[in-house]
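Undergrad: This is the structure I have questions about; it appears just below.
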Amino acid sequence: MSPTDATRLRELVEEWKRGCQLAVNEAWGVCHTRSEVQQLAYDRLREETDLGSQHAVLATHRAAEAIKRARDGEGSKPQFTSPTVAFDTRTMTVFDDRTVSLTTTGERVRCDLKLPDDGGYQSQYLDDEEWEPAKSTLHYRDGEFTFHLGFRTPSPDIDLPTEGATVLGVDLGVENLAVTSTAEFFPGGELTHRREEFEALRTDLEATGTRSAARTLRQAGNRLDRFVRQRLHEVANDIVAEAVEYDCELVAFGELSEAAELLPEATAYHEWLFDRLLSFVEYRAAERDIAVVEVNPEYTSQRCMECGFTHPQNRNLDESQFECLKCEASAHDDYNAAKNIAFRCVRRGPLSSRGLGASACALQSGLVTPDDGFTPYAELSEAPRSD
Ligand SMILES: [Zn+2]
C-alpha cells in the first residue's frame with residue numbers, strides 16, 4: 001500500500017471515531033434505534049466530519065448499537081477509541097483479483113487482500129457463488145491494517161405481495177433457533193453446544209501449540225462448519241415448507257441487528273447464525289415466490305398476542321413462558337413473539353406505506369386479521385391444511 005493510501009485510511013479511521021462519538025453524544029439519553037440515531041445525528045456528521053454519506057449512516061448505526069449495549073448493561077456513555085471502521089457493499093468493492101476498493105474521506109483506496117496461506121474460510125467464500133461480500137471491518141493496529149471480510153448469500157429479488165397476503169412470523173433465539181407463528185419449534189441447543197465444545201477444544205489445542213494440534217483444530221472447525229451449514233439449510237427448508245403449507249406469500253423476521261440486541265444470551269456466534277439462516281430462507285423462499293421481510297422486533301416478546309397488553313413482566317423467563325398480566329393468556333414465549341412479528345406486518349408493518357398488503361397472519365389453528373379477529377382454518381372456505 002502506498003504511503004498516500006495509508007494516510008487516507010488513517011484519516012478515515014480518525015473521522016470514523018469522531019463521527020461515532022458525535023452521534024453518541026447527540027443521541028445518548030435521547031434514542032437508541034438505528035433509524036432514530038441516524039435521523040438525529042446524520043446532518044451533524046455530514047457537517048462536522050469528513051465522512052462520506054454512507055459512512056456517516058454507518059457511523060450513526062454503530063453509535064446506536066453502542067448505546068443499546070451500554071443501556072442494557074446500565075453502563076456509562078460509550079467512548080469510541082478503537083481504531084476500526086465498518087464497511088458495507090456501498091463503501092467497498094471486492095474484485096476477482098483479490099483486491100478491495102474502499103471509500104475514504106478522500107479518494108477511494110484499492111488494496112490487496114492478503115489471505116491466509118491455506119486460503120482460510122475467505123477463499124472458500126470468495127470462490128463460492130452462493131456467497132457475496134457483506135458487512136466488513138477495517139482494523140488499524142501497530143501501523144498495520146487488517147480487513148475482516150463478511151459474507152452473505154445474495155438476496156433474491158422477489159416482489160412483495162400487494163394485497164391479501166398471509167404472513168408467517170418467525171422469532172429467532174438461542175434456546176430455540178427459530179419458532180414460527182404456526183408453532184413449529186426449531187431447537188438451538190445443539191448448535192450452541194457444538195460451538196462451545198469447539199471453543200473448549202480450541203483452548204486446549206492452542207495451548208499445545210504443535211503442528212498436529214493445529215491440524216486437529218482445523219479438522220474440528222471444518223466438521224463444525226459442515227454441521228452448522230447443514231442444520232441451517234434444514235431449518236430454512238422447513239420454515240419455507242411451513243410457509244408453503246399455510247399458503248403464506250410472506251415470511252417475516254424480527255430485524256436481525258435489533259433481534260440479537262434484544263437477546264441478552266445471544267453471542268456474536270448467534271448473530272452470525274441468524275444472519276446465515278435469514279439468507280438461506282430468502283434463497284429457498286425465492287424459489288417458491290415467497291418474499292422475506294424484516295420488521296421491528298421491539299416489544300414482540302412483551303406484547304400479549306391475545307389482548308395486545310404490553311408489559312416487560314408479561315414474561316416468566318425461568319420457564320420460557322409468556323403469561324399476560326391482564327388477560328392471563330399464556331403461551332410459549334417464543335411462539336407468542338412469532339405471532340407478534342407476523343401481526344406487525346398485518347397491522348402496521350413498516351412496509352405498509354410501500355404497499356405491502358399482508359392482511360392475515362398464519363397461526364397453528366387459524367388466521368388472524370385486524371378486522372375479523374381469529375378465524376379457525378376449519379371455517380375458511382379454502383383451508384390451508386386438511387387436518
Ligand atoms: Zn393478554
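Identifiers in this document derive from the order of the C-alpha cells: chains are assigned A, B, ..., residues are numbered from 1 separately in each chain, and ligands are numbered from 1 in order of occurrence.
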Write as number ranges by chain the residues around ligand 1, taking 7 Å as the cut-off and counting only C-alpha atoms and all ligand atoms.

TA: A: 304-309, 324-329

Undergrad: Run DSSP on the backbone of this structure and report the residues of stretch 244-348 of chain A it assigns to alpha helix (DSSP H), as number ranges by chain.

TA: A: 244-245, 256-261, 268-287, 333-348

Undergrad: Would you please work out which residue, of A:Arg108, A:Arg71, A:Arg152, A:Arg194, is nearest to A:Phe274 when using only C-alpha atoms?

TA: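 The answer is A:Arg152, which sits nearest to A:Phe274.
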
Undergrad: Near A:Glu196, within 12 Å and counting only C-alpha atoms, which residues show up once chain neighbours fewer than 4 positions away are dropped, as a list of chain:residue names?

TA: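 Contacts, in chain order: A:Gly189, A:Glu190, A:Leu191, A:Thr192, A:Ala200, A:Leu201, A:Arg202, A:Thr203, A:Gly221, A:Leu224, A:Thr267, A:Tyr269, A:His270.
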
Undergrad: Give the answer as one residue: which of A:Asp88, A:Phe186, A:Glu36, A:Leu22 has the shortest atom-to-atom distance to A:Asp238, using only C-alpha atoms?

TA: A:Phe186

Undergrad: Mind listing the strand (DSSP E or B) residues of stretch 21-116 of chain A, per DSSP on the backbone, as a ChimeraX atom specification?

TA: /A:84-87,92-94,99-102,109-112

Undergrad: Report the distance between atom CA of A:Gln302 and atom CA of A:Ser35 in Å, rounded to one decimal place.

TA: 21.4 Å

Undergrad: Identify, on the basis of only C-alpha atoms, every residue whose closest approach to A:Gln321 does not exceed 8 Å; exclude the query and any residue fewer than 6 positions from it along the same chain; express the result as a list in words.

TA: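 Once the nearby chain positions are removed, what remains is Arg315, Ser330, Ala331, His332 and Asp333 of chain A.
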
Undergrad: What's the separation between atom CA of A:His61 and atom CA of A:Glu271, in Å to one decimal place?

TA: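 Between these atoms lies a distance of 16.1 Å.
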
Undergrad: Between A:Thr33, A:His55, A:Ile67, A:Val174, which one has atoms that come closest to A:Glu255, using only C-alpha atoms?

TA: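 Residue with the minimum atom-to-atom distance to A:Glu255: A:Thr33.
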
Undergrad: Of the residues A:Glu294, A:Glu26, A:Glu245, A:Glu47, which is the one nearest to A:Asp275, using only C-alpha atoms?

TA: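 Residue with the minimum atom-to-atom distance to A:Asp275: A:Glu294.
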
Undergrad: Separation of atom CA of A:Asp142 and atom CA of A:Ser82, in Å?

TA: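 Separation between atom CA of A:Asp142 and atom CA of A:Ser82: 12.4 Å.
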
Undergrad: Which one of A:Glu132, A:Glu15, A:Glu242, A:Glu197 sits closest to A:Leu168 if you count only C-alpha atoms?

TA: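 For A:Leu168, the nearest of the given residues is A:Glu242.
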
Undergrad: Do you know which residues are at most 10 Å from A:Ile341 counting only C-alpha atoms, after dropping those on the same chain fewer than 2 positions away, and could you put them as a VMD selection string?

TA: chain A and resid 167 to 171 180 to 181 251 to 255 294 to 301 305 335 to 339 343 to 346 349 361

Undergrad: Emit the selected residues as a PDB file, in the first residue's frame, including C-alpha atoms.

TA:
```pdb
ATOM      1  CA  VAL A 167     -47.672 -13.882   6.539  1.00  0.00           C
ATOM      2  CA  LEU A 168     -45.688 -16.426   8.537  1.00  0.00           C
ATOM      3  CA  GLY A 169     -43.910 -14.886  11.550  1.00  0.00           C
ATOM      4  CA  VAL A 170     -40.547 -16.262  12.718  1.00  0.00           C
ATOM      5  CA  ASP A 171     -38.958 -15.494  16.085  1.00  0.00           C
ATOM      6  CA  THR A 180     -42.898 -19.905  13.697  1.00  0.00           C
ATOM      7  CA  SER A 181     -46.302 -18.292  14.249  1.00  0.00           C
ATOM      8  CA  VAL A 251     -42.207 -14.646   5.809  1.00  0.00           C
ATOM      9  CA  ALA A 252     -41.408 -12.047   8.495  1.00  0.00           C
ATOM     10  CA  PHE A 253     -38.392 -11.995  10.802  1.00  0.00           C
ATOM     11  CA  GLY A 254     -37.557  -9.516  13.541  1.00  0.00           C
ATOM     12  CA  GLU A 255     -34.913  -7.108  12.189  1.00  0.00           C
ATOM     13  CA  GLU A 294     -37.623  -7.884   8.498  1.00  0.00           C
ATOM     14  CA  VAL A 295     -39.848  -5.971  10.911  1.00  0.00           C
ATOM     15  CA  ASN A 296     -39.022  -4.046  14.079  1.00  0.00           C
ATOM     16  CA  PRO A 297     -38.947  -6.711  16.805  1.00  0.00           C
ATOM     17  CA  GLU A 298     -39.188  -4.331  19.769  1.00  0.00           C
ATOM     18  CA  TYR A 299     -41.810  -5.398  22.316  1.00  0.00           C
ATOM     19  CA  THR A 300     -42.740  -8.512  20.325  1.00  0.00           C
ATOM     20  CA  SER A 301     -41.703 -10.549  23.355  1.00  0.00           C
ATOM     21  CA  MET A 305     -50.956 -11.732  21.217  1.00  0.00           C
ATOM     22  CA  TYR A 335     -44.392 -18.654  19.997  1.00  0.00           C
ATOM     23  CA  ASN A 336     -46.104 -15.539  21.343  1.00  0.00           C
ATOM     24  CA  ALA A 337     -43.258 -13.413  19.883  1.00  0.00           C
ATOM     25  CA  ALA A 338     -43.502 -15.127  16.478  1.00  0.00           C
ATOM     26  CA  LYS A 339     -47.213 -14.332  16.368  1.00  0.00           C
ATOM     27  CA  PHE A 343     -49.047  -9.445  13.259  1.00  0.00           C
ATOM     28  CA  ARG A 344     -46.723  -6.471  12.906  1.00  0.00           C
ATOM     29  CA  CYS A 345     -46.809  -6.991   9.130  1.00  0.00           C
ATOM     30  CA  VAL A 346     -50.552  -7.156   9.153  1.00  0.00           C
ATOM     31  CA  GLY A 349     -45.829  -3.230   9.054  1.00  0.00           C
ATOM     32  CA  CYS A 361     -51.045 -13.980   9.805  1.00  0.00           C
TER      33      CYS A 361
END
```
